[in-house]
>>> print(open('input_1.cif').read())   # mmCIF, C-alpha atoms
data_query
loop_
_atom_site.label_atom_id
_atom_site.label_comp_id
_atom_site.auth_asym_id
_atom_site.auth_seq_id
_atom_site.Cartn_x
_atom_site.Cartn_y
_atom_site.Cartn_z
CA MET A 1 25.30 53.39 -44.58
CA LYS A 2 21.61 54.14 -45.07
CA LYS A 3 19.31 51.24 -44.27
CA PRO A 4 17.14 49.91 -47.10
CA SER A 5 13.40 50.27 -46.87
CA CYS A 6 11.14 47.27 -47.18
CA PRO A 7 9.90 46.44 -50.70
CA ARG A 8 6.37 47.69 -51.22
CA GLY A 9 3.47 45.46 -50.19
CA VAL A 10 5.23 43.48 -47.46
CA ALA A 11 3.93 44.47 -44.02
CA ASN A 12 3.54 42.96 -40.60
CA GLN A 13 1.50 43.76 -37.52
CA ARG A 14 3.98 46.48 -36.56
CA GLY A 15 3.50 48.24 -39.92
CA ARG A 16 6.11 48.47 -42.67
CA THR A 17 9.16 46.40 -41.83
CA GLY A 18 12.82 46.90 -42.56
CA GLY A 19 12.90 44.50 -45.43
CA ILE A 20 12.35 41.61 -46.71
CA GLY A 21 13.80 24.33 -49.20
CA ARG A 22 13.16 24.35 -52.87
CA TRP A 23 15.15 26.58 -55.23
CA LEU A 24 12.75 28.24 -57.71
CA LEU A 25 15.25 29.16 -60.43
CA VAL A 26 12.56 29.83 -63.05
CA LEU A 27 10.65 32.06 -60.64
CA ILE A 28 13.78 34.01 -59.77
CA SER A 29 15.10 34.45 -63.29
CA LEU A 30 11.77 35.26 -64.94
CA VAL A 31 9.63 36.93 -62.28
CA LEU A 32 12.27 38.88 -60.41
CA PHE A 33 13.98 40.36 -63.48
CA ASN A 34 17.45 38.78 -63.24
CA ASP A 35 19.48 35.73 -64.21
CA PRO A 36 22.91 34.55 -63.06
CA GLU A 37 24.71 35.44 -66.28
CA ALA A 38 23.35 38.99 -66.27
CA ALA A 39 24.43 39.33 -62.67
CA ARG A 40 27.99 38.50 -63.68
CA ALA A 41 28.07 40.94 -66.60
CA ASP A 42 29.67 43.74 -64.59
CA SER A 43 32.85 41.81 -63.73
CA ALA A 44 34.76 38.79 -65.00
CA PRO A 45 34.97 35.81 -62.62
CA SER A 46 38.25 35.38 -60.80
CA ALA A 47 39.99 32.16 -59.75
CA ALA A 48 38.43 32.52 -56.32
CA ALA A 49 34.99 32.66 -57.91
CA THR A 50 35.46 29.36 -59.72
CA ASP A 51 37.27 27.45 -56.99
CA ARG A 52 34.42 26.08 -54.88
CA ALA A 53 36.79 24.36 -52.46
CA ALA A 54 38.48 27.58 -51.41
CA PRO A 55 37.00 29.41 -48.37
CA SER A 56 35.09 32.60 -49.18
CA PRO A 57 36.83 35.78 -48.02
CA ALA A 58 34.93 38.47 -46.18
CA PRO A 59 32.79 40.58 -48.55
CA THR A 60 33.82 44.11 -49.43
CA ALA A 61 31.77 47.05 -50.70
CA SER A 62 32.43 49.60 -53.39
CA ALA A 63 32.02 53.28 -52.56
CA VAL A 64 31.59 54.39 -56.17
CA ALA A 65 28.51 56.62 -56.47
CA PRO A 66 26.58 56.88 -59.76
CA ALA A 67 26.44 60.22 -61.52
CA PRO A 68 23.31 62.32 -60.90
CA LEU A 69 20.63 62.47 -63.57
CA ALA A 70 19.80 65.65 -65.46
CA GLU A 71 16.43 67.27 -64.77
CA ASP A 72 15.23 66.47 -68.30
CA ALA A 73 16.36 62.83 -68.18
CA VAL A 74 13.53 60.56 -69.35
CA LEU A 75 12.28 57.86 -66.97
CA VAL A 76 9.16 56.65 -68.83
CA ARG A 77 8.08 57.04 -72.46
CA ILE A 78 4.51 56.90 -73.79
CA GLU A 79 5.21 56.19 -77.41
CA ARG A 80 1.74 56.58 -78.89
CA LEU A 81 1.48 60.09 -77.46
CA GLY A 82 5.10 61.05 -78.14
CA ASP A 83 5.20 61.85 -74.43
CA ALA A 84 7.75 61.27 -71.66
CA ILE A 85 8.02 61.62 -67.89
CA THR A 86 11.20 63.26 -66.68
CA VAL A 87 13.21 63.44 -63.48
CA ALA A 88 11.96 66.99 -62.85
CA GLU A 89 8.32 65.86 -63.10
CA LEU A 90 8.95 62.92 -60.77
CA ARG A 91 10.56 65.29 -58.26
CA ARG A 92 7.57 67.66 -58.35
CA ALA A 93 5.07 64.80 -58.06
CA LEU A 94 6.84 63.40 -54.99
CA VAL A 95 6.56 66.80 -53.32
CA LEU A 96 2.90 67.32 -54.31
CA ARG A 97 1.68 63.85 -53.28
CA LEU A 98 2.26 63.43 -49.56
CA ASP A 99 1.33 59.74 -49.84
CA TRP A 100 4.35 59.23 -52.12
CA ARG A 101 6.97 60.69 -49.78
CA GLY A 102 10.02 58.41 -49.61
CA TYR A 103 8.85 56.23 -52.48
CA GLU A 104 11.88 57.15 -54.61
CA LYS A 105 14.16 55.17 -52.28
CA ASN A 106 12.65 51.77 -53.00
CA GLY A 107 12.44 49.90 -56.29
CA GLU A 108 8.86 48.68 -55.93
CA THR A 109 7.48 51.98 -54.70
CA LEU A 110 9.41 54.06 -57.23
CA ARG A 111 8.03 51.94 -60.06
CA HIS A 112 4.56 52.34 -58.52
CA VAL A 113 4.87 56.14 -58.67
CA LEU A 114 6.11 56.07 -62.27
CA GLU A 115 3.37 53.63 -63.25
CA GLU A 116 0.78 55.96 -61.74
CA LEU A 117 2.21 59.02 -63.51
CA ALA A 118 2.24 57.18 -66.84
CA TRP A 119 -1.27 55.83 -66.23
CA THR A 120 -2.51 59.33 -65.43
CA ARG A 121 -1.22 60.64 -68.77
CA VAL A 122 -2.81 57.70 -70.59
CA ALA A 123 -6.08 58.05 -68.66
CA MET A 124 -6.36 61.76 -69.47
CA HIS A 125 -6.19 61.01 -73.19
CA GLU A 126 -8.42 57.94 -72.90
CA ALA A 127 -11.06 59.94 -70.99
CA ASP A 128 -11.16 62.44 -73.86
CA ARG A 129 -11.38 59.61 -76.39
CA GLN A 130 -14.29 58.02 -74.53
CA GLY A 131 -16.11 61.34 -74.27
CA LEU A 132 -16.00 61.89 -70.52
CA PRO A 133 -16.91 65.48 -69.64
CA PRO A 134 -14.04 67.74 -68.51
CA ARG A 135 -13.86 68.46 -64.81
CA GLU A 136 -14.11 71.90 -63.28
CA ARG A 137 -10.73 73.16 -62.07
CA ALA A 138 -10.14 75.09 -58.86
CA GLU A 139 -8.62 78.57 -59.07
CA ASN A 140 -5.70 77.75 -56.75
CA GLU A 141 -5.03 74.31 -58.24
CA ASP A 142 -1.40 73.18 -58.45
CA PRO A 143 -0.07 73.64 -62.01
CA LEU A 144 1.24 70.06 -61.97
CA LEU A 145 -2.38 68.85 -62.16
CA ALA A 146 -2.62 70.25 -65.67
CA ARG A 147 0.06 67.75 -66.63
CA PHE A 148 -1.02 64.91 -64.31
CA ASP A 149 -4.76 65.26 -63.75
CA PHE A 150 -5.25 62.66 -61.03
CA PRO A 151 -8.98 63.41 -60.54
CA ARG A 152 -9.62 62.88 -64.25
CA ALA A 153 -7.77 59.56 -64.15
CA LEU A 154 -9.96 58.54 -61.21
CA ALA A 155 -13.06 59.49 -63.20
CA LEU A 156 -11.95 57.20 -66.03
CA GLU A 157 -11.34 54.36 -63.55
CA LYS A 158 -14.89 54.70 -62.22
CA HIS A 159 -16.18 54.73 -65.79
CA LEU A 160 -14.27 51.56 -66.67
CA THR A 161 -15.54 49.67 -63.60
CA ARG A 162 -19.13 50.94 -63.58
CA ALA A 163 -20.52 47.51 -64.54
CA CYS A 164 -19.22 46.02 -61.28
CA ASP A 165 -21.17 48.56 -59.23
CA ASP A 166 -24.29 48.17 -61.37
CA GLU A 167 -24.42 44.36 -61.47
CA LEU A 168 -23.36 43.39 -57.93
CA GLN A 169 -25.97 45.03 -55.72
CA THR A 170 -28.25 42.16 -54.70
CA PRO A 171 -27.67 39.20 -52.33
CA GLU A 172 -28.29 36.84 -55.26
CA SER A 173 -25.60 38.45 -57.43
CA ALA A 174 -23.18 38.43 -54.49
CA ARG A 175 -23.76 34.70 -53.89
CA ALA A 176 -23.22 33.98 -57.59
CA TYR A 177 -19.95 35.92 -57.45
CA TYR A 178 -18.89 34.00 -54.34
CA ASP A 179 -19.41 30.71 -56.18
CA ALA A 180 -17.60 31.90 -59.31
CA HIS A 181 -14.71 33.68 -57.56
CA PRO A 182 -13.96 31.97 -54.23
CA GLU A 183 -10.50 33.57 -54.18
CA ALA A 184 -12.17 36.93 -53.53
CA PHE A 185 -13.43 35.59 -50.19
CA ALA A 186 -10.22 33.93 -49.00
CA ALA A 187 -8.59 34.55 -45.64
CA PRO A 188 -5.59 36.90 -45.84
CA VAL A 189 -2.31 35.14 -46.57
CA ARG A 190 0.58 35.64 -44.15
CA ALA A 191 4.08 34.28 -44.42
CA ARG A 192 6.86 34.00 -41.89
CA VAL A 193 9.86 35.29 -43.80
CA ALA A 194 13.60 35.46 -43.18
CA ARG A 195 15.75 37.87 -45.18
CA LEU A 196 19.36 38.45 -46.15
CA VAL A 197 20.53 41.80 -47.52
CA LEU A 198 23.80 42.94 -49.13
CA PRO A 199 24.92 46.18 -50.72
CA ARG A 200 24.45 45.81 -54.46
CA ASP A 201 28.02 46.98 -55.04
CA ALA A 202 29.54 44.46 -52.63
CA GLU A 203 32.03 41.90 -53.90
CA ILE A 204 32.24 38.44 -52.35
CA ALA A 205 34.71 35.75 -53.41
CA GLY A 206 35.51 37.81 -56.49
CA GLN A 207 31.86 38.01 -57.56
CA PRO A 208 29.28 40.82 -57.52
CA ALA A 209 26.79 40.38 -54.69
CA LEU A 210 23.96 39.45 -57.07
CA ALA A 211 25.92 36.65 -58.73
CA TRP A 212 27.23 35.39 -55.39
CA LEU A 213 23.68 35.19 -54.05
CA PHE A 214 22.54 33.13 -57.05
CA ASP A 215 25.30 30.60 -56.42
CA ALA A 216 24.80 30.63 -52.65
CA ALA A 217 21.05 30.07 -53.01
CA ARG A 218 21.69 27.13 -55.31
CA ASP A 219 24.00 25.68 -52.65
CA VAL A 220 21.19 26.01 -50.09
CA ALA A 221 18.79 24.21 -52.43
CA GLN A 222 21.29 21.36 -52.86
CA GLY A 223 21.83 21.07 -49.12
CA ALA A 224 25.46 22.20 -49.27
CA ARG A 225 24.81 25.26 -47.10
CA THR A 226 22.04 26.66 -44.90
CA PHE A 227 20.29 30.01 -45.10
CA ASP A 228 21.59 30.84 -41.61
CA GLU A 229 25.16 30.35 -42.86
CA LEU A 230 24.53 32.85 -45.66
CA ILE A 231 23.15 35.35 -43.17
CA LYS A 232 26.27 35.03 -40.98
CA GLN A 233 28.47 35.77 -43.98
CA ALA A 234 26.32 38.74 -45.04
CA GLN A 235 26.50 40.17 -41.53
CA GLN A 236 30.26 40.54 -41.97
CA ILE A 237 29.59 43.46 -44.28
CA LEU A 238 26.37 44.78 -42.70
CA PRO A 239 26.72 43.95 -39.01
CA THR A 240 24.12 46.51 -37.89
CA MET A 241 21.49 45.52 -40.46
CA PRO A 242 18.63 43.38 -39.08
CA MET A 243 18.63 40.04 -40.87
CA GLY A 244 17.05 36.66 -40.35
CA ASP A 245 13.49 36.09 -39.12
CA LEU A 246 11.13 39.03 -39.79
CA GLY A 247 8.11 37.32 -38.24
CA TYR A 248 4.77 36.95 -40.03
CA LEU A 249 4.21 39.40 -42.89
CA ALA A 250 0.90 40.19 -44.58
CA LEU A 251 1.16 39.58 -48.32
CA GLU A 252 -1.16 42.38 -49.27
CA ASP A 253 -0.69 43.65 -52.80
CA ASP A 254 0.24 42.63 -56.34
CA SER A 255 3.90 43.65 -56.47
CA ALA A 256 6.39 41.23 -58.04
CA LEU A 257 7.93 40.35 -54.68
CA VAL A 258 4.60 39.72 -52.96
CA ARG A 259 3.39 37.57 -55.88
CA ALA A 260 6.54 35.50 -55.57
CA LEU A 261 6.18 35.10 -51.80
CA ARG A 262 2.55 34.05 -52.24
CA ALA A 263 3.47 31.48 -54.90
CA VAL A 264 6.10 29.51 -52.98
CA LYS A 265 5.93 26.92 -50.20
CA PRO A 266 7.60 26.97 -46.77
CA GLY A 267 11.31 26.34 -47.18
CA ASP A 268 11.49 27.97 -50.62
CA LEU A 269 13.83 30.85 -51.48
CA VAL A 270 12.77 34.00 -53.34
CA GLY A 271 15.39 36.22 -54.93
CA PRO A 272 17.94 37.57 -55.36
CA PHE A 273 15.85 40.72 -55.52
CA PRO A 274 17.76 43.92 -56.44
CA ASP A 275 16.22 47.05 -54.99
CA GLY A 276 18.10 50.32 -55.22
CA ALA A 277 21.53 50.09 -53.59
CA TYR A 278 20.78 46.69 -52.04
CA VAL A 279 20.05 43.13 -53.09
CA PHE A 280 17.80 40.84 -51.03
CA LEU A 281 17.32 37.11 -50.66
CA PHE A 282 14.29 35.75 -48.79
CA GLN A 283 13.30 32.41 -47.34
CA VAL A 284 9.68 31.55 -46.59
CA VAL A 285 9.71 29.74 -43.25
CA ALA A 286 5.95 29.18 -42.83
CA LYS A 287 2.63 30.28 -44.34
CA GLU A 288 -0.96 30.51 -43.17
CA GLY A 289 -4.29 31.70 -44.54
CA GLY A 290 -5.55 31.60 -48.11
CA GLU A 291 -8.52 29.29 -47.51
CA THR A 292 -11.96 30.35 -48.73
CA LEU A 293 -14.11 31.58 -45.86
CA PRO A 294 -17.55 29.97 -45.36
CA TRP A 295 -20.48 31.84 -46.88
CA THR A 296 -22.04 32.29 -43.46
CA LEU A 297 -19.05 34.38 -42.35
CA VAL A 298 -19.01 36.67 -45.39
CA GLU A 299 -22.67 36.87 -46.34
CA ARG A 300 -23.29 40.31 -44.83
CA GLN A 301 -20.28 41.87 -46.57
CA ALA A 302 -20.42 39.72 -49.71
CA ALA A 303 -21.82 42.37 -52.06
CA THR A 304 -19.17 44.90 -51.02
CA ILE A 305 -16.36 42.34 -51.34
CA ALA A 306 -17.66 41.26 -54.73
CA ARG A 307 -17.81 44.82 -56.07
CA GLN A 308 -14.31 45.58 -54.80
CA HIS A 309 -12.82 42.41 -56.27
CA CYS A 310 -14.62 42.86 -59.58
CA SER A 311 -13.53 46.51 -59.84
CA ARG A 312 -9.93 45.71 -58.95
CA ASN A 313 -9.64 42.92 -61.54
CA THR A 314 -11.50 44.85 -64.24
CA LEU A 315 -9.35 47.93 -63.75
CA SER A 316 -6.13 45.90 -63.64
CA GLU A 317 -6.95 44.30 -66.99
CA ALA A 318 -8.00 47.62 -68.54
CA ARG A 319 -4.80 49.32 -67.38
CA ARG A 320 -2.68 46.50 -68.76
CA GLU A 321 -4.39 46.70 -72.16
CA LEU A 322 -4.17 50.50 -72.34
CA LYS A 323 -0.53 50.45 -71.24
CA ASN A 324 0.27 48.17 -74.18
CA GLU A 325 -1.92 50.16 -76.57
CA TYR A 326 -0.26 53.47 -75.69
CA GLY A 327 3.24 51.98 -75.62
CA VAL A 328 4.31 52.76 -72.06
CA ARG A 329 8.00 51.92 -71.71
CA PHE A 330 10.38 52.38 -68.78
CA GLU A 331 13.93 53.62 -69.30
CA GLU A 332 15.40 51.06 -66.92
CA ASN A 333 18.92 52.52 -66.70
CA ALA A 334 17.55 55.91 -65.71
CA VAL A 335 15.17 54.39 -63.15
CA ASP A 336 18.06 52.43 -61.67
CA ALA A 337 20.12 55.63 -61.45
CA VAL A 338 17.32 57.31 -59.47
CA LEU A 339 17.32 54.41 -57.03
CA ARG A 340 21.07 54.35 -56.58
CA HIS A 341 21.72 58.09 -56.53
CA GLY A 342 18.42 59.62 -55.37
CA ILE A 343 16.72 62.77 -56.66
CA LEU A 344 15.44 64.51 -53.54
CA LYS A 345 17.87 66.56 -51.45
#
>>> encode(input="input_1.cif", output="structure tokens")
Amino acid sequence: MKKPSCPRGVANQRGRTGGIGRWLLVLISLVLFNDPEAARADSAPSAAATDRAAPSPAPTASAVAPAPLAEDAVLVRIERLGDAITVAELRRALVLRLDWRGYEKNGETLRHVLEELAWTRVAMHEADRQGLPPRERAENEDPLLARFDFPRALALEKHLTRACDDELQTPESARAYYDAHPEAFAAPVRARVARLVLPRDAEIAGQPALAWLFDAARDVAQGARTFDELIKQAQQILPTMPMGDLGYLALEDDSALVRALRAVKPGDLVGPFPDGAYVFLFQVVAKEGGETLPWTLVERQAATIARQHCSRNTLSEARRELKNEYGVRFEENAVDAVLRHGILK
């Protein structure tokens, strides 16, 4: 069985890792895209699933593979433009962009690629609408750039964030930004995280893995079980998969998983988190960092930090507004099929 890659944005000092006591039910059901009833939709509960006193049998896994997607299957629609991004275009983009190699195997990174492709289409049209001059094309340029003009999207991003570069050049403006946005000058946040992973198609005690993990996590929150006990049971089906303590991970980006890990306290659970053919449950063991650094430590780099933070926030808000304005919509079933079947041979 192929090992799952780590959800995007979670890294430690050794680079990308192999994965990922209060129960945050609202966080799990709203932020991480699932709820217990939806998790049970694929199969009716059996007597074993409802009898809490009965011992749980060893989990089993299904070997049913999803059908492959057609080349013209739509993954993302851009409704205002009457446009769509297909499997064939995703395949070509993954080959063209070396920095995206392997991203189709992981839910967070696949969505990142599709978001970038959709944003590029939106940015090309928005650059025309805002009157940005066309760029000069190279003679040997890849034909895919006519469809996804990444340099033109970058030009629009610089145009949208130009005020940050213009207004944050002096020590005085940097100090004012430090006072107004102390979070921009905070120490990096790291969390010591333990993980549990199951095949998404596994069945435990008559329940799908996702539903079983919801119930098991609730038991941990109520003190009926421990996270280590869940790991031991999961290892019955994935004995060679590293589980448990991952060490300290840098919570670096703005993915859904990293936001959730940043939001919780030591002892909290995050998940279940479906990602491709696997489903994850995490426990935050300890956290450090996040405090605002003294001005004396950041003064020399303050203007650069301020411009970067301002540009990042300004662009994030602009992208969110334009995404809504242009009607960018994911075809979730098709995206899930890419994760579970794959598109690159």
>>> atom_distance(input="input_1.cif", atom1="CA of Val189 in chain A", atom2="CA of Tyr177 in chain A")
20.7 Å
>>> atom_distance(input="input_1.cif", atom1="CA of Glu321 in chain A", atom2="CA of Asp275 in chain A")
26.8 Å
>>> resolve_selection(input="input_1.cif", expression="the PyMOL selection byres ((chain A and resi 91) around 12)", output="PyMOL selection string")
chain A and resi 69-73+75+85-90+92-97+100-104+110+113-114+117+144+338+342-345
>>> residues_around(input="input_1.cif", residues="Gly276 in chain A", least_positions_apart="3", cutoff="8 Å", atoms="only C-alpha atoms", output="list of chain:residue names")
A:Lys105, A:Asn106, A:Gly107, A:Arg200, A:Val279, A:Asp336, A:Leu339, A:Arg340
>>> atom_distance(input="input_1.cif", atom1="CA of Pro188 in chain A", atom2="CA of Ala256 in chain A")
17.6 Å
>>> resolve_selection(input="input_1.cif", expression="the PyMOL selection byres ((chain A and resi 228) around 10)", output="ChimeraX atom specification")
/A:194-196,220,225-227,229-234,243-245
>>> residues_near_point(input="input_1.cif", point="(4.7, 51.6, -64.7)", cutoff="9 Å", atoms="only C-alpha atoms", output="list in words")
Val76, Arg111, His112, Val113, Leu114, Glu115, Glu116, Leu117, Ala118, Trp119, Lys323, Val328, Arg329 and Phe330 of chain A
>>> closest_residue(input="input_1.cif", among="A:Asp142, A:Glu288, A:Asp215, A:Glu172", to="Leu251 in chain A", atoms="all atoms listed in the file")
A:Glu288
>>> closest_residue(input="input_1.cif", among="A:Pro272, A:Met124, A:Arg152, A:Gly82", to="Glu136 in chain A", atoms="all atoms listed in the file")
A:Arg152
>>> resolve_selection(input="input_1.cif", expression="the PyMOL selection byres ((chain A and resi 311) around 12)", output="short mmCIF file (atom, residue, chain, number, x, y, z; two decimals) with C-alpha atoms, keeping the file's coordinate frame")
data_model
loop_
_atom_site.label_atom_id
_atom_site.label_comp_id
_atom_site.auth_asym_id
_atom_site.auth_seq_id
_atom_site.Cartn_x
_atom_site.Cartn_y
_atom_site.Cartn_z
CA GLU A 157 -11.34 54.36 -63.55
CA LYS A 158 -14.89 54.70 -62.22
CA HIS A 159 -16.18 54.73 -65.79
CA LEU A 160 -14.27 51.56 -66.67
CA THR A 161 -15.54 49.67 -63.60
CA ARG A 162 -19.13 50.94 -63.58
CA ALA A 163 -20.52 47.51 -64.54
CA CYS A 164 -19.22 46.02 -61.28
CA ASP A 165 -21.17 48.56 -59.23
CA ASP A 166 -24.29 48.17 -61.37
CA GLU A 167 -24.42 44.36 -61.47
CA LEU A 168 -23.36 43.39 -57.93
CA ALA A 184 -12.17 36.93 -53.53
CA THR A 304 -19.17 44.90 -51.02
CA ILE A 305 -16.36 42.34 -51.34
CA ALA A 306 -17.66 41.26 -54.73
CA ARG A 307 -17.81 44.82 -56.07
CA GLN A 308 -14.31 45.58 -54.80
CA HIS A 309 -12.82 42.41 -56.27
CA CYS A 310 -14.62 42.86 -59.58
CA ARG A 312 -9.93 45.71 -58.95
CA ASN A 313 -9.64 42.92 -61.54
CA THR A 314 -11.50 44.85 -64.24
CA LEU A 315 -9.35 47.93 -63.75
CA SER A 316 -6.13 45.90 -63.64
CA GLU A 317 -6.95 44.30 -66.99
CA ALA A 318 -8.00 47.62 -68.54
CA ARG A 319 -4.80 49.32 -67.38
#
